[in-house]
Amino acid sequence: MGFFDGMRVLVTGGAGFVGSHLVDGLLDAGAIVTVYDNVSTGDARFLEGALCDVNCDLITGDLLSGEFLDEALHGKDMVFHWMANADVRHSAERPSHVLDMNLHATMVVLNYMRRQSVRRIAFASTGSVYGDVQLVPTPERAPMPIQNTIYGASKVASEALISAYAAQFDMEADIFRFAPMLGERYWHGHIFDFVKKLSANPETIEVLGDGSERKYSVYVKDAIHGVLLGVEFGLDRVGVFNICGDYSYSINESVNWVARQLHVQPKVTHTKQSWIGDNPNMYLDCSKLKALGWRPETSAQRAVFNTVTYLLQNPYLLERES
């Protein structure tokens with residue numbers, strides 16, 4: 001019998017890009033899954049397969065108000081808190097909204113967990129908490145510098161809140177700091193932007209920065225495998241795990257990969273400047289998770305290929321704002 005067999009779990013944000021893959025992974029591992037999502041930024045179509053499983057159900061509710069949250073948490077063994085505003089680039093445009101969706105929502109979940117005597121939480125954080133880091137690759141114990149995005153600050157605060165609840169209310173937590181993720185159901189980020197721009201105008205594309213910036217990402221299914229391992233084998237009351245791919249690529253390389261897949265040869269221009277908080281040094285040290293047997297199995301180029309293929313097969317996603 002596996003660790004997750006028969007485990008009753010709640011996944012907030014389970015209709016999102018990453019959350020829906022987590023739901024799939026938990027079901028495959030034998031868990032009984034309740035998804036809690038208002039489907040405002042997620043997509044119910046991402047759950048079509050999961051909801052055909054007798055062990056999966058969906059509660060549509062507003063997390064900030066706690067709507068139906070007692071019902072959703074009743075009898076659960078664990079919460080995977082994946083709901084968030086994940087827009088790093090534009091977080092400064094609506095800081096109060098980002099704090100509500102990330103920090104306030106986390107506090108609501110923790111308080112309702114206490115009411116329902118649910119003692120364990122897994123939390124989706126981000127490598128952005130390391131800010132403009134100087135120690136590369138960056139381990140979990142690296143000092144956190146001054147934050148350079150509202151998004152990153154909201155995740156630091158959420159991590160701190162979770163740690164405090166674990167200490168004061170006898171709870172356990174697993175915190176996962178992700179590199180940017182790619183894969184099926186992805187609709188947010190630079191690869192999405194490239195596909196959308198080149199689909200609209202295959203002749204030319206403007207790219208932020210100078211194109212030489214290097215990115216580390218992780219394929220979403222590899223990331224979910226890491227989450228499940230961390231939850232099963234993590235030993236700390238508050239465990240923190242980085243999840244990142246092993247291979248970097250330049251922005252120019254990724255533009256070329258996308259262009260080749262779309263069979264176009266655009267003229268590429270560069271703005272020379274990127275957005276505030278875009279960290280070209282986000283290479284996370286994953287030694288802690290690798291010690292549990294995890295390895296990112298999918299190359300960056302393959303992850304990009306799978307992402308673009310999915311977007312081309314589901315063109316409705318290209319109508320969304322990244």
# chains A, B, ... in the order shown; residues from 1 in each chain; ligands from 1
$ residues_around --residues "A:Arg119" --least-positions-apart "4" --cutoff "7 Å" --atoms "only C-alpha atoms" --output "number ranges by chain"
A: 78, 113, 171-172
$ write_last_selection --atoms "N, CA and C atoms" --output "PDB file, in the first residue's frame"
ATOM      1  N   MET A  78      -5.000  16.095   4.795  1.00  0.00           N
ATOM      2  CA  MET A  78      -3.935  17.015   4.384  1.00  0.00           C
ATOM      3  C   MET A  78      -4.485  18.018   3.391  1.00  0.00           C
ATOM      4  N   MET A 113      -8.228  25.110   8.651  1.00  0.00           N
ATOM      5  CA  MET A 113      -7.602  23.829   8.985  1.00  0.00           C
ATOM      6  C   MET A 113      -7.660  23.584  10.488  1.00  0.00           C
ATOM      7  N   MET A 171       1.252  21.853  13.911  1.00  0.00           N
ATOM      8  CA  MET A 171       0.968  21.469  12.533  1.00  0.00           C
ATOM      9  C   MET A 171       2.265  21.079  11.840  1.00  0.00           C
ATOM     10  N   GLU A 172       2.150  20.502  10.668  1.00  0.00           N
ATOM     11  CA  GLU A 172       3.303  20.138   9.846  1.00  0.00           C
ATOM     12  C   GLU A 172       3.144  20.758   8.468  1.00  0.00           C
TER      13      GLU A 172
END
$ select_by_dssp --residues "stretch 51-144 of chain A" --states "strand (DSSP E)" --output "CSV table (one decimal) with C-alpha atoms, in the first residue's frame"
chain,number,residue,atom,x,y,z
A,56,CYS,CA,-12.2,13.3,-7.3
A,57,ASP,CA,-14.8,16.0,-6.8
A,58,LEU,CA,-14.8,19.8,-7.2
A,59,ILE,CA,-16.1,22.4,-4.8
A,78,MET,CA,-3.9,17.0,4.4
A,79,VAL,CA,-4.2,20.2,2.4
A,80,PHE,CA,-2.2,21.1,-0.7
A,81,HIS,CA,-2.5,24.9,-0.9
A,120,ARG,CA,-0.7,19.0,7.6
A,121,ILE,CA,-0.2,21.4,4.7
A,122,ALA,CA,1.9,21.4,1.5
A,123,PHE,CA,2.4,24.9,0.1
A,124,ALA,CA,3.4,26.1,-3.4
A,125,SER,CA,6.0,28.8,-3.0
A,126,THR,CA,8.5,30.1,-5.5
$ atom_distance --atom1 "atom CA of A:Leu110" --atom2 "atom CA of A:Ala86"
19.7 Å
$ closest_residue --among "A:Gln301, A:Ser199, A:Thr60, A:Asn55" --to "A:Asp37" --atoms "only C-alpha atoms"
A:Thr60
$ residues_around --residues "A:Glu184" --least-positions-apart "5" --cutoff "7 Å" --atoms "only C-alpha atoms" --output "number ranges by chain"
A: 306-307, 310
$ closest_atom_pairs --of "stretch 137-196 of chain A" --to "stretch 204-217 of chain A" --cutoff "10 Å" --atoms "only C-alpha atoms" --output "JSON lines"
{"residue": "A:Phe178", "atom": "CA", "partner": "A:Ser217", "partner_atom": "CA", "distance": 8.5}
{"residue": "A:Ala179", "atom": "CA", "partner": "A:Ser217", "partner_atom": "CA", "distance": 5.3}
{"residue": "A:Pro180", "atom": "CA", "partner": "A:Ser217", "partner_atom": "CA", "distance": 4.9}
{"residue": "A:Met181", "atom": "CA", "partner": "A:Ser217", "partner_atom": "CA", "distance": 5.5}
{"residue": "A:Leu182", "atom": "CA", "partner": "A:Ser217", "partner_atom": "CA", "distance": 6.9}
{"residue": "A:His190", "atom": "CA", "partner": "A:Val207", "partner_atom": "CA", "distance": 9.1}
{"residue": "A:Asp193", "atom": "CA", "partner": "A:Val207", "partner_atom": "CA", "distance": 9.4}
{"residue": "A:Phe194", "atom": "CA", "partner": "A:Ile205", "partner_atom": "CA", "distance": 7.7}
$ write_last_selection --atoms "N, CA and C atoms" --output "mmCIF file, in the first residue's frame"
data_model
loop_
_atom_site.group_PDB
_atom_site.id
_atom_site.type_symbol
_atom_site.label_atom_id
_atom_site.label_comp_id
_atom_site.auth_asym_id
_atom_site.auth_seq_id
_atom_site.Cartn_x
_atom_site.Cartn_y
_atom_site.Cartn_z
ATOM 1 N N PHE A 178 9.494 26.620 -6.332
ATOM 2 C CA PHE A 178 9.605 26.178 -7.714
ATOM 3 C C PHE A 178 10.351 27.175 -8.583
ATOM 4 N N ALA A 179 11.142 26.645 -9.505
ATOM 5 C CA ALA A 179 11.569 27.425 -10.661
ATOM 6 C C ALA A 179 10.363 27.569 -11.583
ATOM 7 N N PRO A 180 10.406 28.482 -12.557
ATOM 8 C CA PRO A 180 9.293 28.576 -13.515
ATOM 9 C C PRO A 180 9.014 27.220 -14.158
ATOM 10 N N MET A 181 7.756 26.906 -14.317
ATOM 11 C CA MET A 181 7.358 25.607 -14.853
ATOM 12 C C MET A 181 6.829 25.708 -16.267
ATOM 13 N N LEU A 182 7.043 24.646 -17.020
ATOM 14 C CA LEU A 182 6.553 24.529 -18.386
ATOM 15 C C LEU A 182 5.813 23.206 -18.517
ATOM 16 N N HIS A 190 6.814 33.480 -20.551
ATOM 17 C CA HIS A 190 7.484 33.934 -21.773
ATOM 18 C C HIS A 190 7.243 33.010 -22.970
ATOM 19 N N ASP A 193 3.940 33.861 -24.280
ATOM 20 C CA ASP A 193 4.006 35.139 -24.989
ATOM 21 C C ASP A 193 4.582 34.968 -26.385
ATOM 22 N N PHE A 194 5.641 34.150 -26.502
ATOM 23 C CA PHE A 194 6.258 33.950 -27.814
ATOM 24 C C PHE A 194 5.294 33.281 -28.788
#
$ residues_around --residues "A:Gly14" --least-positions-apart "3" --cutoff "10 Å" --atoms "only C-alpha atoms" --output "PDB file with C-alpha atoms, in the first residue's frame"
ATOM      1  CA  LEU A  10      -7.897  19.027  -0.396  1.00  0.00           C
ATOM      2  CA  VAL A  11      -6.210  20.857  -3.282  1.00  0.00           C
ATOM      3  CA  PHE A  17      -1.961  24.915 -14.660  1.00  0.00           C
ATOM      4  CA  VAL A  18       0.142  23.358 -11.908  1.00  0.00           C
ATOM      5  CA  GLY A  19      -2.702  22.525  -9.545  1.00  0.00           C
ATOM      6  CA  SER A  20      -4.474  20.358 -12.106  1.00  0.00           C
ATOM      7  CA  HIS A  21      -1.295  18.338 -12.659  1.00  0.00           C
ATOM      8  CA  LEU A  22      -1.016  17.922  -8.894  1.00  0.00           C
ATOM      9  CA  VAL A  23      -4.588  16.592  -8.825  1.00  0.00           C
ATOM     10  CA  ASP A  24      -3.684  14.071 -11.547  1.00  0.00           C
ATOM     11  CA  VAL A  33      -9.034  14.346  -3.870  1.00  0.00           C
ATOM     12  CA  THR A  34     -11.336  17.307  -3.350  1.00  0.00           C
ATOM     13  CA  VAL A  35     -10.507  20.288  -5.549  1.00  0.00           C
ATOM     14  CA  TYR A  36     -11.402  23.736  -4.229  1.00  0.00           C
ATOM     15  CA  ASP A  37     -11.290  26.486  -6.849  1.00  0.00           C
ATOM     16  CA  ASN A  38     -13.390  29.423  -8.001  1.00  0.00           C
ATOM     17  CA  VAL A  39     -12.137  28.773 -11.576  1.00  0.00           C
ATOM     18  CA  GLY A  42      -7.875  28.316 -13.709  1.00  0.00           C
ATOM     19  CA  ASP A  43      -9.785  26.340 -16.294  1.00  0.00           C
ATOM     20  CA  ALA A  44     -12.409  23.689 -15.582  1.00  0.00           C
ATOM     21  CA  PHE A  46      -8.017  21.075 -17.053  1.00  0.00           C
ATOM     22  CA  LEU A  47      -9.999  18.857 -14.658  1.00  0.00           C
ATOM     23  CA  LEU A  58     -14.848  19.785  -7.220  1.00  0.00           C
ATOM     24  CA  PHE A  80      -2.217  21.115  -0.741  1.00  0.00           C
ATOM     25  CA  HIS A  81      -2.518  24.900  -0.876  1.00  0.00           C
ATOM     26  CA  TRP A  82      -1.868  25.750  -4.519  1.00  0.00           C
ATOM     27  CA  MET A  83      -4.223  28.682  -5.022  1.00  0.00           C
TER      28      MET A  83
END
$ closest_residue --among "A:Tyr249, A:Phe176, A:Tyr112, A:Tyr130" --to "A:Ala153" --atoms "only C-alpha atoms"
A:Tyr130
$ residues_around --residues "A:Phe233" --least-positions-apart "6" --cutoff "12 Å" --atoms "only C-alpha atoms" --output "MDAnalysis selection string"
chainID A and resid 3:4 174 226:227 239 241 288:294
$ select_by_dssp --residues "stretch 74-249 of chain A" --states "alpha helix (DSSP H)" --output "ChimeraX atom specification"
/A:95-99,105-115,150-168,190-200,220-233
$ residues_around --residues "A:Arg45" --least-positions-apart "3" --cutoff "10 Å" --atoms "only C-alpha atoms" --output "list in words"
Ala15, Gly16, Ser20, Val39, Gly42, Glu48, Gly49, Ala50, Leu51 and Arg185 of chain A
$ closest_residue --among "A:Gly61, A:Gly75, A:Gly152, A:Gly245" --to "A:Ile32" --atoms "only C-alpha atoms"
A:Gly75
